[in-house]
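K.L.:
The structure follows.
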Amino acid sequence: FARKSEHNTNMVSLIKQCYYWHSVILNRLVVCVLPMQFIKSMYNRTWMERYGQPASTETVTLLWSSTVSIFAIGGLLGTLCVSSMVKALGRKGTLLLNNCFAVIAAVLLSLGETAGSFEMLLVGRLIMGVDSGIALCALPMYLGEISPRNIRGSIGQFNSILICLGVFTGQVLGLPQLLGQESKWPFLFAFLAVPALIQLCVLPFFPESPRYLLMERRDEAAAEKAFQRFLGKKDVSKELEEVYAEGHAQSNLQVVSVPQLIRNPAVRWQLITVIITMACYQLCGLNAIWYYTNGILAEAGFAGNIIPYITLSTGAVETLAAIVSGLVIERIGRRPLLIFGFSTMAVCFGFLTVFLNLQDRVSWFPYLSYVCILAVIACFCSGPGGIPFVLTGELFEQSYRPAAFMIAGLVNWLSNFAVGLLFPFIQAALQTYAFLVFAGVCILGAAYLYTVLPETKNKTFVEISRSFAKINKVVQWTYPYEAKGDNAVPQFLLQQYLKR
């Protein structure tokens, strides 16, 4: 593809990734960056004003726990809606509508203290979760469908890069000298509306997914124009031919439901692969890392007032590792990066367990523990942090994709909820040995991917489906005019396809 085509596609991707910032910044700010005592203090004041007595410790803890966990419930609700939304509104239309949820959530969260209403914070977090659940499905779907196959992985990795950059931005804004103060924390939540408003202004000028237009709307002219605008060239016959070939290779051109997808033997191992990969994405132990970071720095002798500045290194390492992954994914491939990421995370968890258990005996072991934490974060962002969403879009053809993203999203949010629910019990029972549980998850995930997952880089969606044909024990029908060929698809076949 010409340099202009890559520039156009990358520009769309960058604009789209702004959408991810607010959901990730919110979740990480509330849990990790923003001191929870500020919000707990607000809960206490509100309770005192309403009922004339301070809230009990149990009440404040319940309100705080609900504020944190309700985000995952909202994400689950958003995921359940996404399949119907992308079918009715398209990928672009779904993302445009979803910005409204982000703006509403930002208003509720930023004005909750002024209104003296902790209910506004709870509802705002719920709506923000819905927004994130929809975005985590619709955005990778859109990016995968608009990207040329030779840079599809790099474009998909912008998800991970901008998520990490959003986390780092949240860490910086949450510093005490900026917005991490009791009088200024509502402004952090107001900031969430900025990316959504930018997207509302810019996204309408970009086309809908050409695959959606051609295969689901049957609008050949609009699909051709969309390809031309995305790729920056007039002759897009090769890209159209690839979509036609995919359409003829599918036995069903109608968008399938989740039950239909589960029952279909032709995509059984693709579905299992997505479920396992997405479960490992949440259960690999990265969330547990944040639990220990401040404690390890305190053990190393750092003063409490400088720890927030030191933890900026975690965001910087996240961002750098994600950028490197995006640069090399089309050379190395998805499969090696995933296997490498999970395998090296398991090794780092092993060393971290040793250093944590011996840090009372050796004065400089806390420093090595922190190095292990940075290594775990880097290994995660090198592959497991972004590629699962890329794979979900690549392993399924057009009619299966919305249902596949719904299932992937459900696994993602349920696993996230499970970690939040079970980790305190695991940590209480195993203490620092809890990381060995996550190391086991990483090893099992790497072993499965090594055994089952084929490489998908620079392949069409039809070719990827055929890679699973043998393990699925199905016969793939071969369409004689494939995207690799130089001949155009005969006109009578195009007409026949558009009538299906």
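Starting from 1 in every chain, residues are counted up; chains themselves are A, B, ... following the order of the structure tokens, and ligands are numbered from 1 as listed.
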Return as a PyMOL selection string the full set of residues in range 140-350 of chain A whose backbone-based DSSP assignment is alpha helix (DSSP H).
P.N.:
chain A and resi 140-146+152-156+158-173+185-190+193-202+210-211+220-231+237-249+258-263+268-283+286-299+307-310+312-332+334-350
K.L.:
Can you pull out the residues contacting Thr392 in chain A? Cut-off 7 Å, using only C-alpha atoms, and skip same-chain residues under 6 positions away; I want them as a list in words.
P.N.:
Val274, Ala404 and Phe405 of chain A
K.L.:
Write out the residues from the selection above, keeping N, CA, C and O atoms, as a PDB file, in the first residue's frame.
P.N.:
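Written out: result_4.pdb:
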ATOM      1  N   VAL A 274     -10.402 -17.875  21.590  1.00  0.00           N
ATOM      2  CA  VAL A 274     -10.713 -16.516  22.049  1.00  0.00           C
ATOM      3  C   VAL A 274     -11.078 -16.518  23.531  1.00  0.00           C
ATOM      4  O   VAL A 274     -10.641 -15.651  24.300  1.00  0.00           O
ATOM      5  N   ALA A 404     -18.954 -13.108  18.271  1.00  0.00           N
ATOM      6  CA  ALA A 404     -17.662 -13.474  18.854  1.00  0.00           C
ATOM      7  C   ALA A 404     -17.160 -12.393  19.798  1.00  0.00           C
ATOM      8  O   ALA A 404     -16.645 -12.687  20.887  1.00  0.00           O
ATOM      9  N   PHE A 405     -17.306 -11.136  19.409  1.00  0.00           N
ATOM     10  CA  PHE A 405     -16.885 -10.052  20.285  1.00  0.00           C
ATOM     11  C   PHE A 405     -17.752  -9.980  21.537  1.00  0.00           C
ATOM     12  O   PHE A 405     -17.263  -9.604  22.615  1.00  0.00           O
TER      13      PHE A 405
END
K.L.:
Which residue gives the smallest distance to Pro210 in chain A among A:Asp131, A:Leu179, A:Glu113, A:Gly90, with only C-alpha atoms counted?
P.N.:
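Smallest distance to Pro210 in chain A is found for A:Gly90.
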K.L.:
Neighbours of Asn416 in chain A within 10 Å (only C-alpha atoms; same-chain residues fewer than 2 positions away dropped), as a VMD selection string?
P.N.:
chain A and resid 69 72 to 73 75 279 281 to 283 287 410 to 414 418 to 421
K.L.:
Have a look at A:Ser209, A:Ser343, A:Asn98, A:Gln270 and name the one nearest to Tyr450 in chain A; count only C-alpha atoms.
P.N.:
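Nearest to Tyr450 in chain A: A:Ser343.
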K.L.:
With distances taken over only C-alpha atoms, which of A:Gly78, A:Gly170, A:Gly124, A:Gly350 is nearest to Tyr433 in chain A?
P.N.:
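For Tyr433 in chain A, the nearest of the given residues is A:Gly350.
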K.L.:
With only C-alpha atoms as the counted atoms, please give the residues lying no more than 9 Å from range 81-89 of chain A, apart from itself and same-chain residues fewer than 6 positions off, as a CSV table (one decimal) with N, CA and C atoms, in the first residue's frame.
P.N.:
chain,number,residue,atom,x,y,z
A,95,LEU,N,-20.1,3.5,17.8
A,95,LEU,CA,-19.1,4.3,18.6
A,95,LEU,C,-19.5,5.8,18.8
A,97,LEU,N,-22.6,6.9,19.0
A,97,LEU,CA,-23.7,6.9,20.1
A,97,LEU,C,-23.0,6.6,21.5
A,130,VAL,N,-20.7,0.7,31.1
A,130,VAL,CA,-21.4,0.4,29.8
A,130,VAL,C,-20.7,0.9,28.6
A,133,GLY,N,-17.6,-1.3,28.0
A,133,GLY,CA,-18.0,-2.6,27.5
A,133,GLY,C,-18.3,-2.5,26.0
A,134,ILE,N,-19.0,-1.5,25.6
A,134,ILE,CA,-19.3,-1.3,24.1
A,134,ILE,C,-18.1,-1.0,23.3
A,135,ALA,N,-17.2,-0.1,23.9
A,135,ALA,CA,-16.0,0.3,23.1
A,135,ALA,C,-15.1,-0.8,23.0
A,137,CYS,N,-15.6,-3.8,22.5
A,137,CYS,CA,-16.0,-4.7,21.4
A,137,CYS,C,-16.1,-4.0,20.0
A,138,ALA,N,-16.7,-2.9,20.0
A,138,ALA,CA,-17.0,-2.2,18.7
A,138,ALA,C,-15.7,-1.6,18.1
A,212,TYR,N,-18.6,-3.9,6.5
A,212,TYR,CA,-20.0,-3.9,7.0
A,212,TYR,C,-20.9,-3.4,5.9
A,216,GLU,N,-23.1,-6.6,4.9
A,216,GLU,CA,-24.3,-6.6,5.7
A,216,GLU,C,-25.3,-5.6,5.2
A,255,VAL,N,-25.9,-12.2,9.9
A,255,VAL,CA,-25.2,-12.1,11.2
A,255,VAL,C,-25.8,-13.1,12.2
A,257,SER,N,-26.3,-15.3,15.8
A,257,SER,CA,-26.5,-15.0,17.2
A,257,SER,C,-25.4,-15.7,18.0
A,401,ARG,N,-18.6,-12.3,13.5
A,401,ARG,CA,-17.7,-11.3,14.3
A,401,ARG,C,-18.5,-10.7,15.5
A,402,PRO,N,-19.7,-10.1,15.3
A,402,PRO,CA,-20.4,-9.4,16.4
A,402,PRO,C,-20.6,-10.4,17.6
A,403,ALA,N,-21.1,-11.6,17.3
A,403,ALA,CA,-21.3,-12.6,18.4
A,403,ALA,C,-20.0,-13.0,19.0
A,404,ALA,N,-19.0,-13.1,18.3
A,404,ALA,CA,-17.7,-13.5,18.9
A,404,ALA,C,-17.2,-12.4,19.8
A,405,PHE,N,-17.3,-11.1,19.4
A,405,PHE,CA,-16.9,-10.1,20.3
A,405,PHE,C,-17.8,-10.0,21.5
A,406,MET,N,-19.0,-10.3,21.4
A,406,MET,CA,-19.9,-10.3,22.6
A,406,MET,C,-19.4,-11.4,23.6
K.L.:
Please list as a PDB file with all heavy atoms, in the first residue's frame every residue within 6 Å of range 181-194 of chain A, counting only C-alpha atoms and excluding residues in the same chain fewer than 3 positions away.
P.N.:
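Resulting contents of result_26.pdb:
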ATOM      1  N   HIS A  22     -10.727   7.578  28.167  1.00  0.00           N
ATOM      2  CA  HIS A  22     -11.527   7.910  29.342  1.00  0.00           C
ATOM      3  C   HIS A  22     -11.878   6.692  30.174  1.00  0.00           C
ATOM      4  O   HIS A  22     -11.833   6.738  31.397  1.00  0.00           O
ATOM      5  CB  HIS A  22     -12.793   8.663  28.943  1.00  0.00           C
ATOM      6  CG  HIS A  22     -13.518   8.101  27.777  1.00  0.00           C
ATOM      7  ND1 HIS A  22     -14.188   6.913  27.817  1.00  0.00           N
ATOM      8  CD2 HIS A  22     -13.673   8.577  26.519  1.00  0.00           C
ATOM      9  CE1 HIS A  22     -14.750   6.687  26.630  1.00  0.00           C
ATOM     10  NE2 HIS A  22     -14.449   7.674  25.844  1.00  0.00           N
ATOM     11  N   PHE A  38     -10.165  10.393  49.662  1.00  0.00           N
ATOM     12  CA  PHE A  38     -10.904  11.568  49.220  1.00  0.00           C
ATOM     13  C   PHE A  38     -12.374  11.223  48.984  1.00  0.00           C
ATOM     14  O   PHE A  38     -13.274  11.950  49.411  1.00  0.00           O
ATOM     15  CB  PHE A  38     -10.297  12.148  47.936  1.00  0.00           C
ATOM     16  CG  PHE A  38      -8.916  12.714  48.107  1.00  0.00           C
ATOM     17  CD1 PHE A  38      -8.136  12.988  46.996  1.00  0.00           C
ATOM     18  CD2 PHE A  38      -8.404  12.972  49.362  1.00  0.00           C
ATOM     19  CE1 PHE A  38      -6.856  13.511  47.143  1.00  0.00           C
ATOM     20  CE2 PHE A  38      -7.126  13.491  49.524  1.00  0.00           C
ATOM     21  CZ  PHE A  38      -6.356  13.766  48.416  1.00  0.00           C
ATOM     22  N   VAL A 103     -20.051  11.093  28.012  1.00  0.00           N
ATOM     23  CA  VAL A 103     -20.318  12.467  28.442  1.00  0.00           C
ATOM     24  C   VAL A 103     -21.244  12.480  29.653  1.00  0.00           C
ATOM     25  O   VAL A 103     -21.020  13.213  30.627  1.00  0.00           O
ATOM     26  CB  VAL A 103     -20.922  13.279  27.280  1.00  0.00           C
ATOM     27  CG1 VAL A 103     -21.353  14.660  27.761  1.00  0.00           C
ATOM     28  CG2 VAL A 103     -19.915  13.409  26.141  1.00  0.00           C
ATOM     29  N   ALA A 106     -19.291  11.388  32.695  1.00  0.00           N
ATOM     30  CA  ALA A 106     -18.372  12.427  33.164  1.00  0.00           C
ATOM     31  C   ALA A 106     -19.110  13.513  33.942  1.00  0.00           C
ATOM     32  O   ALA A 106     -18.619  14.002  34.969  1.00  0.00           O
ATOM     33  CB  ALA A 106     -17.631  13.035  31.972  1.00  0.00           C
ATOM     34  N   LEU A 109     -20.156  12.027  37.422  1.00  0.00           N
ATOM     35  CA  LEU A 109     -19.009  11.806  38.300  1.00  0.00           C
ATOM     36  C   LEU A 109     -18.395  13.110  38.783  1.00  0.00           C
ATOM     37  O   LEU A 109     -17.985  13.221  39.941  1.00  0.00           O
ATOM     38  CB  LEU A 109     -17.953  10.964  37.569  1.00  0.00           C
ATOM     39  CG  LEU A 109     -18.324   9.506  37.324  1.00  0.00           C
ATOM     40  CD1 LEU A 109     -17.417   8.890  36.262  1.00  0.00           C
ATOM     41  CD2 LEU A 109     -18.243   8.700  38.613  1.00  0.00           C
ATOM     42  N   SER A 110     -18.318  14.102  37.908  1.00  0.00           N
ATOM     43  CA  SER A 110     -17.674  15.359  38.284  1.00  0.00           C
ATOM     44  C   SER A 110     -18.555  16.235  39.164  1.00  0.00           C
ATOM     45  O   SER A 110     -18.045  17.061  39.932  1.00  0.00           O
ATOM     46  CB  SER A 110     -17.260  16.136  37.024  1.00  0.00           C
ATOM     47  OG  SER A 110     -18.392  16.419  36.215  1.00  0.00           O
ATOM     48  N   PRO A 176      -0.205  14.876  43.380  1.00  0.00           N
ATOM     49  CA  PRO A 176      -0.716  15.868  44.343  1.00  0.00           C
ATOM     50  C   PRO A 176      -0.579  17.315  43.865  1.00  0.00           C
ATOM     51  O   PRO A 176      -1.398  18.163  44.212  1.00  0.00           O
ATOM     52  CB  PRO A 176       0.152  15.622  45.595  1.00  0.00           C
ATOM     53  CG  PRO A 176       0.595  14.206  45.472  1.00  0.00           C
ATOM     54  CD  PRO A 176       0.769  13.960  44.004  1.00  0.00           C
ATOM     55  N   LEU A 197     -15.851  14.069  23.411  1.00  0.00           N
ATOM     56  CA  LEU A 197     -16.262  15.246  22.641  1.00  0.00           C
ATOM     57  C   LEU A 197     -15.412  15.410  21.384  1.00  0.00           C
ATOM     58  O   LEU A 197     -15.920  15.805  20.320  1.00  0.00           O
ATOM     59  CB  LEU A 197     -16.155  16.499  23.516  1.00  0.00           C
ATOM     60  CG  LEU A 197     -17.157  16.567  24.683  1.00  0.00           C
ATOM     61  CD1 LEU A 197     -16.853  17.768  25.573  1.00  0.00           C
ATOM     62  CD2 LEU A 197     -18.587  16.632  24.160  1.00  0.00           C
TER      63      LEU A 197
END
K.L.:
Would you mind listing what lies within 8 Å of Val60 in chain A as a CSV table (one decimal) with C-alpha atoms, in the first residue's frame, with only C-alpha atoms counted and same-chain residues fewer than 5 positions away left out?
P.N.:
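Dumped to result02.csv:
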chain,number,residue,atom,x,y,z
A,40,LYS,CA,-14.5,8.0,51.3
A,43,TYR,CA,-19.2,9.7,51.4
A,44,ASN,CA,-18.9,10.5,55.1
A,55,ALA,CA,-21.5,6.7,58.5
K.L.:
What is the distance, in Å and to one decimal place, between CA of Leu395 in chain A and CA of Ser465 in chain A?
P.N.:
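Computing it gives 6.5 Å between the two atoms.
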K.L.:
Figure out the distance between CA of Pro388 in chain A and CA of Phe342 in chain A, please, to one decimal in Å.
P.N.:
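So the answer is 12.1 Å.
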K.L.:
Which residue out of A:Ala115, A:Cys379, A:Met345, A:Val462 has the minimum interatomic distance to Gln398 in chain A when only C-alpha atoms are used?
P.N.:
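For Gln398 in chain A, the nearest of the candidates is A:Val462.
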K.L.:
Considering only C-alpha atoms, tabulate each residue of range 248-318 of chain A that lies at most 12 Å from range 325-341 of chain A along with its nearest interatomic pair and the corresponding distance in Å to one decimal; arrange the rows by chain and ascending residue number and present them as JSON lines.
P.N.:
{"residue": "A:Thr273", "atom": "CA", "partner": "A:Arg335", "partner_atom": "CA", "distance": 11.8}
{"residue": "A:Thr277", "atom": "CA", "partner": "A:Leu338", "partner_atom": "CA", "distance": 9.0}
{"residue": "A:Met278", "atom": "CA", "partner": "A:Leu338", "partner_atom": "CA", "distance": 11.6}
{"residue": "A:Cys280", "atom": "CA", "partner": "A:Leu338", "partner_atom": "CA", "distance": 10.6}
{"residue": "A:Tyr281", "atom": "CA", "partner": "A:Leu338", "partner_atom": "CA", "distance": 10.1}
{"residue": "A:Cys284", "atom": "CA", "partner": "A:Gly341", "partner_atom": "CA", "distance": 10.4}
{"residue": "A:Glu318", "atom": "CA", "partner": "A:Ser325", "partner_atom": "CA", "distance": 10.7}
K.L.:
Using only C-alpha atoms, which of the listed residues (A:Pro308, A:Gly116, A:Gly285, A:Gly315) sits closest to Ser415 in chain A?
P.N.:
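Smallest distance to Ser415 in chain A is found for A:Gly285.
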K.L.:
Distance CA of Thr353 in chain A-CA of Phe435 in chain A, one decimal place?
P.N.:
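Atom-to-atom, CA of Thr353 in chain A to CA of Phe435 in chain A, that is 6.5 Å.
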K.L.:
Nearest to Gly144 in chain A among A:Leu173, A:Gly112, A:Gly129, A:Phe158, with distances taken over only C-alpha atoms: which residue is it?
P.N.:
A:Phe158
